[in-house]
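So this one's input.cif, mmCIF, C-alpha atoms:
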data_model
#
loop_
_atom_site.label_atom_id
_atom_site.label_comp_id
_atom_site.auth_asym_id
_atom_site.auth_seq_id
_atom_site.Cartn_x
_atom_site.Cartn_y
_atom_site.Cartn_z
CA MET A 6 95.89 103.06 111.72
CA ALA A 7 97.49 103.05 115.17
CA ASP A 8 101.14 102.16 115.52
CA LEU A 9 101.99 98.50 115.98
CA ARG A 10 102.68 97.80 119.66
CA ALA A 11 106.12 96.22 119.82
CA GLY A 12 107.90 94.33 122.56
CA LEU A 13 111.56 93.35 122.80
CA ILE A 14 113.00 90.52 124.85
CA GLY A 15 116.77 90.66 125.22
CA LEU A 16 118.69 93.86 125.92
CA GLY A 17 122.20 92.63 125.16
CA MET A 18 124.49 93.46 122.25
CA MET A 19 121.83 92.91 119.57
CA GLY A 20 118.86 93.92 121.68
CA ARG A 21 120.26 97.38 122.29
CA HIS A 22 120.33 98.03 118.53
CA HIS A 23 116.79 96.74 118.12
CA ALA A 24 115.63 99.08 120.89
CA ARG A 25 117.39 102.05 119.30
CA ILE A 26 115.95 101.47 115.83
CA LEU A 27 112.43 100.42 116.89
CA ARG A 28 111.98 103.86 118.44
CA ASP A 29 112.63 105.44 115.02
CA VAL A 30 110.61 103.13 112.74
CA PRO A 31 107.41 104.86 111.59
CA GLY A 32 104.28 102.88 112.39
CA VAL A 33 105.85 101.06 115.34
CA GLU A 34 105.82 101.93 119.03
CA LEU A 35 108.15 100.16 121.45
CA VAL A 36 105.90 99.67 124.48
CA ALA A 37 107.71 96.98 126.52
CA VAL A 38 111.14 95.46 127.04
CA ALA A 39 112.22 92.42 129.01
CA ASP A 40 115.48 90.83 130.10
CA PRO A 41 116.07 88.73 133.23
CA GLY A 42 119.61 90.12 133.29
CA GLY A 43 118.47 93.73 133.45
CA ASP A 44 119.47 96.57 131.14
CA PRO A 45 123.29 96.62 130.86
CA HIS A 46 123.34 99.12 127.97
CA ARG A 47 120.64 101.39 129.42
CA VAL A 48 118.36 101.27 126.40
CA ALA A 49 115.01 100.84 128.18
CA GLY A 50 114.53 104.59 128.44
CA GLY A 51 111.39 105.25 130.42
CA LEU A 52 110.14 101.66 130.12
CA SER A 53 110.23 99.21 133.00
CA VAL A 54 112.49 96.23 132.40
CA LEU A 55 110.24 93.19 132.65
CA HIS A 56 111.54 89.76 133.62
CA GLY A 57 110.53 87.45 130.78
CA VAL A 58 108.34 86.66 127.79
CA ASP A 59 105.17 86.08 129.83
CA ASP A 60 105.42 89.58 131.30
CA LEU A 61 105.95 90.93 127.80
CA ILE A 62 102.86 89.15 126.46
CA ALA A 63 100.75 90.48 129.33
CA VAL A 64 101.36 94.07 128.20
CA GLY A 65 99.45 93.39 124.97
CA LEU A 66 101.56 93.34 121.80
CA ASP A 67 101.13 93.21 118.06
CA VAL A 68 104.75 92.32 117.29
CA ALA A 69 107.79 91.10 119.21
CA ILE A 70 111.55 90.81 118.73
CA VAL A 71 113.44 87.91 120.36
CA ALA A 72 117.11 88.80 120.92
CA ILE A 73 118.06 86.49 123.78
CA PRO A 74 120.68 83.68 123.74
CA THR A 75 120.02 80.92 121.21
CA ARG A 76 119.09 78.26 123.74
CA PHE A 77 116.06 80.33 124.80
CA HIS A 78 114.80 81.22 121.31
CA ALA A 79 112.32 78.37 120.91
CA GLU A 80 110.68 78.73 124.31
CA ALA A 81 110.11 82.45 123.82
CA ALA A 82 108.99 82.12 120.20
CA LEU A 83 106.49 79.33 120.95
CA ALA A 84 104.97 81.38 123.78
CA LEU A 85 104.59 84.36 121.46
CA ALA A 86 103.01 82.16 118.78
CA GLU A 87 100.52 80.81 121.30
CA ALA A 88 99.65 84.41 122.22
CA GLY A 89 99.08 85.31 118.55
CA ILE A 90 101.97 87.78 118.30
CA HIS A 91 103.91 88.28 115.06
CA THR A 92 107.56 87.65 115.84
CA LEU A 93 111.08 88.23 114.55
CA VAL A 94 113.62 85.90 116.16
CA GLU A 95 117.32 86.66 115.94
CA LYS A 96 119.33 83.99 114.14
CA PRO A 97 119.75 81.10 114.48
CA ILE A 98 116.09 80.22 114.81
CA ALA A 99 116.74 77.62 117.52
CA GLU A 100 119.38 75.35 119.02
CA ASP A 101 118.70 72.54 116.56
CA THR A 102 116.96 71.84 113.27
CA VAL A 103 114.04 69.81 114.64
CA THR A 104 113.15 72.56 117.10
CA GLY A 105 113.55 75.15 114.36
CA TYR A 106 110.98 73.43 112.16
CA THR A 107 108.66 73.08 115.18
CA VAL A 108 108.81 76.83 115.75
CA ALA A 109 108.22 77.50 112.05
CA GLU A 110 105.17 75.25 112.00
CA ALA A 111 103.72 76.91 115.11
CA PHE A 112 103.64 80.31 113.41
CA SER A 113 102.48 78.95 110.06
CA ALA A 114 99.60 77.03 111.64
CA ARG A 115 98.32 80.21 113.29
CA GLY A 116 98.72 82.39 110.19
CA LEU A 117 101.25 84.61 111.95
CA VAL A 118 104.25 86.39 110.51
CA GLY A 119 107.24 84.47 111.85
CA VAL A 120 110.63 85.54 110.54
CA VAL A 121 114.28 85.27 111.51
CA GLY A 122 116.87 88.05 111.63
CA HIS A 123 119.18 87.03 108.82
CA VAL A 124 120.09 90.67 108.44
CA GLU A 125 122.54 90.19 105.57
CA ARG A 126 119.54 90.01 103.24
CA PHE A 127 119.25 93.75 103.86
CA ASN A 128 122.89 94.57 103.26
CA PRO A 129 122.80 97.01 100.31
CA ALA A 130 125.71 95.29 98.54
CA LEU A 131 123.97 91.90 98.66
CA GLN A 132 120.64 93.34 97.59
CA GLN A 133 122.34 94.86 94.56
CA LEU A 134 124.20 91.61 93.93
CA ARG A 135 121.03 89.51 94.01
CA ALA A 136 119.26 91.83 91.60
CA ARG A 137 122.20 91.87 89.17
CA LEU A 138 122.56 88.09 89.23
CA ALA A 139 118.84 87.70 88.61
CA ALA A 140 119.20 90.05 85.63
CA GLY A 141 121.92 87.83 84.19
CA ASP A 142 124.81 90.28 84.61
CA ALA A 143 127.20 87.48 85.54
CA GLY A 144 125.75 84.99 83.10
CA ASP A 145 125.78 81.40 84.31
CA VAL A 146 126.95 81.44 87.95
CA TYR A 147 129.61 78.86 88.80
CA GLN A 148 130.54 79.52 92.42
CA ILE A 149 129.67 81.60 95.47
CA ALA A 150 132.44 81.88 98.06
CA THR A 151 132.25 83.77 101.36
CA ARG A 152 134.81 84.74 103.97
CA ARG A 153 133.72 85.91 107.43
CA GLN A 154 136.65 86.27 109.79
CA SER A 155 137.20 88.19 113.03
CA SER A 156 138.44 87.87 116.59
CA PHE A 157 136.34 86.10 119.21
CA PRO A 158 133.32 88.08 120.46
CA GLY A 159 132.94 87.80 124.21
CA ARG A 160 129.15 87.98 123.93
CA ILE A 161 128.84 84.45 122.46
CA GLY A 162 128.87 81.55 124.88
CA ASP A 163 126.23 79.00 123.91
CA VAL A 164 127.09 78.19 120.27
CA GLY A 165 130.15 77.94 118.05
CA VAL A 166 131.13 79.96 115.04
CA ALA A 167 129.09 77.71 112.74
CA LYS A 168 125.69 78.46 114.26
CA ASP A 169 126.53 82.05 115.13
CA LEU A 170 128.19 83.18 111.89
CA ALA A 171 128.02 80.45 109.25
CA THR A 172 124.23 80.74 109.38
CA HIS A 173 124.67 84.24 107.91
CA ASP A 174 126.71 82.93 104.99
CA VAL A 175 124.51 79.93 104.27
CA ASP A 176 121.37 82.07 104.27
CA LEU A 177 122.82 84.88 102.18
CA THR A 178 124.20 82.40 99.63
CA ALA A 179 120.87 80.60 99.23
CA TRP A 180 119.06 83.95 99.05
CA VAL A 181 121.43 85.55 96.53
CA ALA A 182 121.40 82.41 94.36
CA GLN A 183 117.66 81.84 94.93
CA SER A 184 118.35 78.16 95.59
CA GLY A 185 118.62 75.98 98.69
CA TYR A 186 121.47 73.59 99.47
CA ALA A 187 121.58 70.02 98.18
CA SER A 188 124.74 68.87 99.98
CA VAL A 189 127.47 70.12 102.26
CA SER A 190 130.68 68.94 103.91
CA ALA A 191 133.06 70.68 106.30
CA GLN A 192 136.12 70.71 108.51
CA THR A 193 136.29 72.44 111.89
CA ALA A 194 138.97 73.50 114.37
CA HIS A 195 138.95 74.14 118.12
CA LYS A 196 141.84 76.45 118.95
CA SER A 197 140.57 78.69 121.75
CA GLY A 198 139.89 76.06 124.39
CA ARG A 199 136.10 76.31 124.19
CA ALA A 200 133.69 73.42 123.79
CA HIS A 201 132.43 74.80 120.49
CA GLU A 202 134.32 75.18 117.21
CA ASP A 203 135.96 78.52 116.44
CA MET A 204 136.74 77.80 112.78
CA ILE A 205 134.81 76.06 110.02
CA SER A 206 135.51 75.55 106.33
CA MET A 207 132.46 74.43 104.34
CA THR A 208 131.99 73.22 100.79
CA GLY A 209 128.58 72.57 99.30
CA ARG A 210 126.44 72.47 96.21
CA LEU A 211 123.14 74.25 95.77
CA ARG A 212 120.14 72.60 94.18
CA ASN A 213 120.72 74.66 91.04
CA GLY A 214 124.28 73.31 90.72
CA ILE A 215 126.24 76.33 92.03
CA ILE A 216 129.29 75.41 94.14
CA ALA A 217 129.40 77.14 97.54
CA ASN A 218 132.44 77.65 99.77
CA HIS A 219 132.50 79.29 103.19
CA LEU A 220 135.47 80.15 105.42
CA ILE A 221 134.39 81.38 108.84
CA ASN A 222 136.41 81.84 112.02
CA TRP A 223 136.90 83.71 115.27
CA LEU A 224 140.68 83.40 115.05
CA SER A 225 141.64 86.36 112.88
CA PRO A 226 143.00 89.70 114.13
CA MET A 227 141.21 91.52 111.30
CA LYS A 228 137.55 91.63 110.35
CA GLU A 229 136.57 90.40 106.88
CA ARG A 230 133.11 89.94 105.41
CA VAL A 231 133.31 89.20 101.71
CA THR A 232 131.10 87.41 99.18
CA VAL A 233 132.62 86.47 95.82
CA VAL A 234 130.42 85.31 92.94
CA THR A 235 132.15 83.87 89.88
CA GLY A 236 130.23 83.47 86.64
CA GLU A 237 130.73 83.16 82.92
CA ARG A 238 130.90 86.93 82.39
CA GLY A 239 133.07 87.88 85.34
CA THR A 240 133.22 88.11 89.12
CA PHE A 241 131.22 90.16 91.62
CA ILE A 242 132.81 91.00 94.97
CA ALA A 243 130.50 92.26 97.70
CA ASP A 244 132.15 93.69 100.82
CA THR A 245 129.35 93.43 103.34
CA ALA A 246 131.32 95.28 106.01
CA THR A 247 131.30 98.45 103.90
CA GLY A 248 128.31 97.75 101.66
CA ASP A 249 130.41 98.02 98.48
CA LEU A 250 129.88 95.99 95.29
CA THR A 251 132.47 95.65 92.51
CA PHE A 252 132.32 93.74 89.24
CA TYR A 253 135.41 92.43 87.46
CA ALA A 254 134.37 91.70 83.89
CA ASN A 255 136.02 89.11 81.69
CA GLY A 256 138.01 90.84 78.97
CA THR A 257 136.80 90.97 75.39
CA VAL A 258 140.20 91.86 73.95
CA ALA A 259 142.63 88.99 73.39
CA LEU A 260 145.94 89.29 75.23
CA GLU A 261 149.02 89.42 73.02
CA TRP A 262 151.41 88.38 75.78
CA GLU A 263 151.23 84.63 75.27
CA SER A 264 152.66 83.47 78.61
CA VAL A 265 150.28 85.67 80.62
CA SER A 266 147.29 84.77 78.50
CA SER A 267 147.82 81.04 78.88
CA PHE A 268 148.32 81.35 82.63
CA ARG A 269 145.22 83.43 83.38
CA GLY A 270 142.71 81.51 81.33
CA VAL A 271 140.47 84.56 80.92
CA SER A 272 141.67 88.07 80.26
CA GLU A 273 141.01 91.05 82.50
CA GLY A 274 138.28 93.41 81.44
CA ASP A 275 136.67 96.50 82.92
CA VAL A 276 136.30 96.92 86.68
CA THR A 277 133.13 98.65 87.88
CA ARG A 278 132.39 99.80 91.42
CA PHE A 279 128.69 100.53 91.77
CA ALA A 280 127.18 103.51 93.56
CA PHE A 281 123.85 103.08 95.37
CA ALA A 282 122.02 104.15 98.51
CA LYS A 283 123.13 102.42 101.71
CA LYS A 284 120.52 102.11 104.44
CA GLU A 285 121.50 100.53 107.76
CA PRO A 286 120.65 96.82 107.27
CA LEU A 287 118.99 96.31 110.67
CA ARG A 288 116.77 99.35 110.11
CA ALA A 289 115.76 98.01 106.69
CA GLU A 290 115.04 94.61 108.25
CA LEU A 291 112.81 96.03 110.98
CA GLU A 292 110.95 98.18 108.46
CA ALA A 293 110.42 95.05 106.36
CA PHE A 294 109.09 93.22 109.43
CA ARG A 295 106.57 96.03 109.95
CA ASP A 296 105.59 95.83 106.29
CA ALA A 297 105.19 92.04 106.44
CA VAL A 298 102.84 92.32 109.40
CA LEU A 299 100.83 94.87 107.41
CA GLY A 300 100.58 92.40 104.52
CA ALA A 301 103.32 93.54 102.15
CA PRO A 302 105.76 91.11 100.48
CA THR A 303 109.34 91.40 101.77
CA GLU A 304 112.73 89.69 101.52
CA LEU A 305 112.73 88.57 105.16
CA SER A 306 113.91 85.06 105.99
CA THR A 307 110.89 82.93 106.81
CA MET A 308 111.19 80.59 109.75
CA ALA A 309 111.08 77.61 107.37
CA GLU A 310 114.00 79.06 105.40
CA ALA A 311 115.87 79.71 108.64
CA ALA A 312 115.31 76.11 109.73
CA HIS A 313 116.79 74.96 106.40
CA THR A 314 119.80 77.20 107.05
CA LEU A 315 120.27 75.62 110.47
CA GLU A 316 119.86 72.17 108.90
CA VAL A 317 122.68 72.92 106.46
CA VAL A 318 124.98 74.10 109.27
CA GLU A 319 124.22 71.08 111.44
CA SER A 320 124.86 68.83 108.45
CA ALA A 321 128.23 70.53 108.02
CA LEU A 322 129.08 69.96 111.68
CA ARG A 323 128.16 66.28 111.37
CA SER A 324 130.38 66.07 108.32
CA ALA A 325 133.27 67.60 110.25
CA SER A 326 132.81 65.05 113.02
CA GLY A 327 132.62 62.06 110.66
CA GLY A 328 134.87 63.21 107.86
CA GLY A 329 132.42 62.57 105.02
CA ALA A 330 130.02 64.57 102.89
CA VAL A 331 126.49 64.91 104.21
CA VAL A 332 123.44 65.44 102.05
CA SER A 333 120.96 67.70 103.79
CA THR A 334 117.47 66.23 104.25
CA VAL A 335 115.89 69.42 102.99
CA ARG A 336 112.32 70.12 104.05
CA ALA A 337 112.05 73.83 103.21
#

Show this structure as structure tokens.
Amino acid sequence: MADLRAGLIGLGMMGRHHARILRDVPGVELVAVADPGGDPHRVAGGLSVLHGVDDLIAVGLDVAIVAIPTRFHAEAALALAEAGIHTLVEKPIAEDTVTGYTVAEAFSARGLVGVVGHVERFNPALQQLRARLAAGDAGDVYQIATRRQSSFPGRIGDVGVAKDLATHDVDLTAWVAQSGYASVSAQTAHKSGRAHEDMISMTGRLRNGIIANHLINWLSPMKERVTVVTGERGTFIADTATGDLTFYANGTVALEWESVSSFRGVSEGDVTRFAFAKKEPLRAELEAFRDAVLGAPTELSTMAEAAHTLEVVESALRSASGGGAVVSTVRA
């Protein structure tokens, strides 16, 4: 079978990585790139830099990657759906939930593979975590808490930290727990003088009863990407920046030091840091996209799941504006 003919729209910070990896994915040939702003990172190689999605479609594609600013996602994705092209859209799926579901329905109605680049699903630490939770290694899961903190990235101008980063944490939490969100509330802060929030603290409950907490900001001088899962048998900590996974087991030996024992509630047991292969997440995601187009099952975020993720984040933002808890009107 001939290689899938791939096109890429958007040659910015994410697009340059897509271009680099697409050239190395077996079974895929990058045949066209487009960006109205040109090629700032010089990743086009010998390809002409086309202006927009219509020029990309005219080349004749099997698959496409959309890596342009969020406000243009829906327009490009809907054009690609109309042209019958399987598409991966960078997250978030669209500017708002209603539009996100519209995009999802457009691909579903045409029987096309439409997915969204929630790349944390391909982080090796989270893949290991999901498998171990499914196997019951933590027992009954009580809480999933994430922290995603860093300084402000100059590349983001059209959304706040909630839609840019909290979408990662909401999606990975629902995926790891294999359950969508039932409710969510939040508080936000605006400290950098921008129209959009640069800090959000979210609390929610999944449909399966797990409590979720997310702390995300662009106000920290250090970078932190951590997922903590607490269950009846112990706590998993996944460092998604390094791809490491550690398990802190509850102790099975009673503590004899009474004051310490009563303070800690549970005793400390063995600590295990797992060793496993670590493939670059974006490469794994693009290989999964290829496989999905060829008919194989994958762990990619469907567009309907991505619309639910955006719905949760928008519900959190409404909560922050009104001060009360918001129950998501889940459709996915």

* Asked: Can you find the residues with an atom no farther than 12 Å from (110.5, 70.0, 113.4), counting all atoms listed in the file, and report them as a list in words?
  ->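 Checking each residue against the 12 Å limit leaves Ala79, Ile98, Ala99, Glu100, Asp101, Thr102, Val103, Thr104, Gly105, Tyr106, Thr107, Val108, Ala109, Glu110, Ala111, Met308, Ala309, Ala312, His313, Leu315, Glu316, Val335, Arg336 and Ala337 of chain A.
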
One residue among A:Val120, A:Val68, A:Val54, A:Ile26 is nearest to A:Gly12 when using all atoms listed in the file, and that residue is A:Val68

Selection under test: the PyMOL selection byres ((chain A and resi 235) around 9); residues as a PyMOL selection string:
chain A and resi 143+145-150+233-234+236-242

As JSON: centre and edge lengths in Å, one decimal, of the axis-aligned box holding stretch 23-40 of chain A with 4 Å per side:
{"center_x": 110.8, "center_y": 98.1, "center_z": 120.8, "size_x": 21.1, "size_y": 22.6, "size_z": 26.5}

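Nearest to A:Val189 of all the residues A:Leu138, A:Val121, A:Ala88, A:Ile216 is A:Ile216, based on only C-alpha atoms.
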
For the structure shown, which residues end up in the PyMOL selection byres ((chain A and resi 174) around 12)? Put them as a PDB file with C-alpha atoms, in the frame of the given file, please?
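Listing of result_17.pdb after writing:
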ATOM      1  CA  LYS A  96     119.330  83.990 114.140  1.00  0.00           C
ATOM      2  CA  PRO A  97     119.750  81.100 114.480  1.00  0.00           C
ATOM      3  CA  HIS A 123     119.180  87.030 108.820  1.00  0.00           C
ATOM      4  CA  VAL A 124     120.090  90.670 108.440  1.00  0.00           C
ATOM      5  CA  GLU A 125     122.540  90.190 105.570  1.00  0.00           C
ATOM      6  CA  ARG A 126     119.540  90.010 103.240  1.00  0.00           C
ATOM      7  CA  LEU A 131     123.970  91.900  98.660  1.00  0.00           C
ATOM      8  CA  ILE A 149     129.670  81.600  95.470  1.00  0.00           C
ATOM      9  CA  ALA A 150     132.440  81.880  98.060  1.00  0.00           C
ATOM     10  CA  THR A 151     132.250  83.770 101.360  1.00  0.00           C
ATOM     11  CA  ARG A 152     134.810  84.740 103.970  1.00  0.00           C
ATOM     12  CA  ARG A 153     133.720  85.910 107.430  1.00  0.00           C
ATOM     13  CA  GLN A 154     136.650  86.270 109.790  1.00  0.00           C
ATOM     14  CA  VAL A 166     131.130  79.960 115.040  1.00  0.00           C
ATOM     15  CA  ALA A 167     129.090  77.710 112.740  1.00  0.00           C
ATOM     16  CA  LYS A 168     125.690  78.460 114.260  1.00  0.00           C
ATOM     17  CA  ASP A 169     126.530  82.050 115.130  1.00  0.00           C
ATOM     18  CA  LEU A 170     128.190  83.180 111.890  1.00  0.00           C
ATOM     19  CA  ALA A 171     128.020  80.450 109.250  1.00  0.00           C
ATOM     20  CA  THR A 172     124.230  80.740 109.380  1.00  0.00           C
ATOM     21  CA  HIS A 173     124.670  84.240 107.910  1.00  0.00           C
ATOM     22  CA  VAL A 175     124.510  79.930 104.270  1.00  0.00           C
ATOM     23  CA  ASP A 176     121.370  82.070 104.270  1.00  0.00           C
ATOM     24  CA  LEU A 177     122.820  84.880 102.180  1.00  0.00           C
ATOM     25  CA  THR A 178     124.200  82.400  99.630  1.00  0.00           C
ATOM     26  CA  ALA A 179     120.870  80.600  99.230  1.00  0.00           C
ATOM     27  CA  TRP A 180     119.060  83.950  99.050  1.00  0.00           C
ATOM     28  CA  VAL A 181     121.430  85.550  96.530  1.00  0.00           C
ATOM     29  CA  ALA A 182     121.400  82.410  94.360  1.00  0.00           C
ATOM     30  CA  ILE A 205     134.810  76.060 110.020  1.00  0.00           C
ATOM     31  CA  SER A 206     135.510  75.550 106.330  1.00  0.00           C
ATOM     32  CA  MET A 207     132.460  74.430 104.340  1.00  0.00           C
ATOM     33  CA  THR A 208     131.990  73.220 100.790  1.00  0.00           C
ATOM     34  CA  GLY A 209     128.580  72.570  99.300  1.00  0.00           C
ATOM     35  CA  ALA A 217     129.400  77.140  97.540  1.00  0.00           C
ATOM     36  CA  ASN A 218     132.440  77.650  99.770  1.00  0.00           C
ATOM     37  CA  HIS A 219     132.500  79.290 103.190  1.00  0.00           C
ATOM     38  CA  LEU A 220     135.470  80.150 105.420  1.00  0.00           C
ATOM     39  CA  ILE A 221     134.390  81.380 108.840  1.00  0.00           C
ATOM     40  CA  ARG A 230     133.110  89.940 105.410  1.00  0.00           C
ATOM     41  CA  VAL A 231     133.310  89.200 101.710  1.00  0.00           C
ATOM     42  CA  THR A 232     131.100  87.410  99.180  1.00  0.00           C
ATOM     43  CA  VAL A 233     132.620  86.470  95.820  1.00  0.00           C
ATOM     44  CA  THR A 245     129.350  93.430 103.340  1.00  0.00           C
ATOM     45  CA  ALA A 311     115.870  79.710 108.640  1.00  0.00           C
ATOM     46  CA  THR A 314     119.800  77.200 107.050  1.00  0.00           C
ATOM     47  CA  LEU A 315     120.270  75.620 110.470  1.00  0.00           C
ATOM     48  CA  VAL A 317     122.680  72.920 106.460  1.00  0.00           C
ATOM     49  CA  VAL A 318     124.980  74.100 109.270  1.00  0.00           C
TER      50      VAL A 318
END
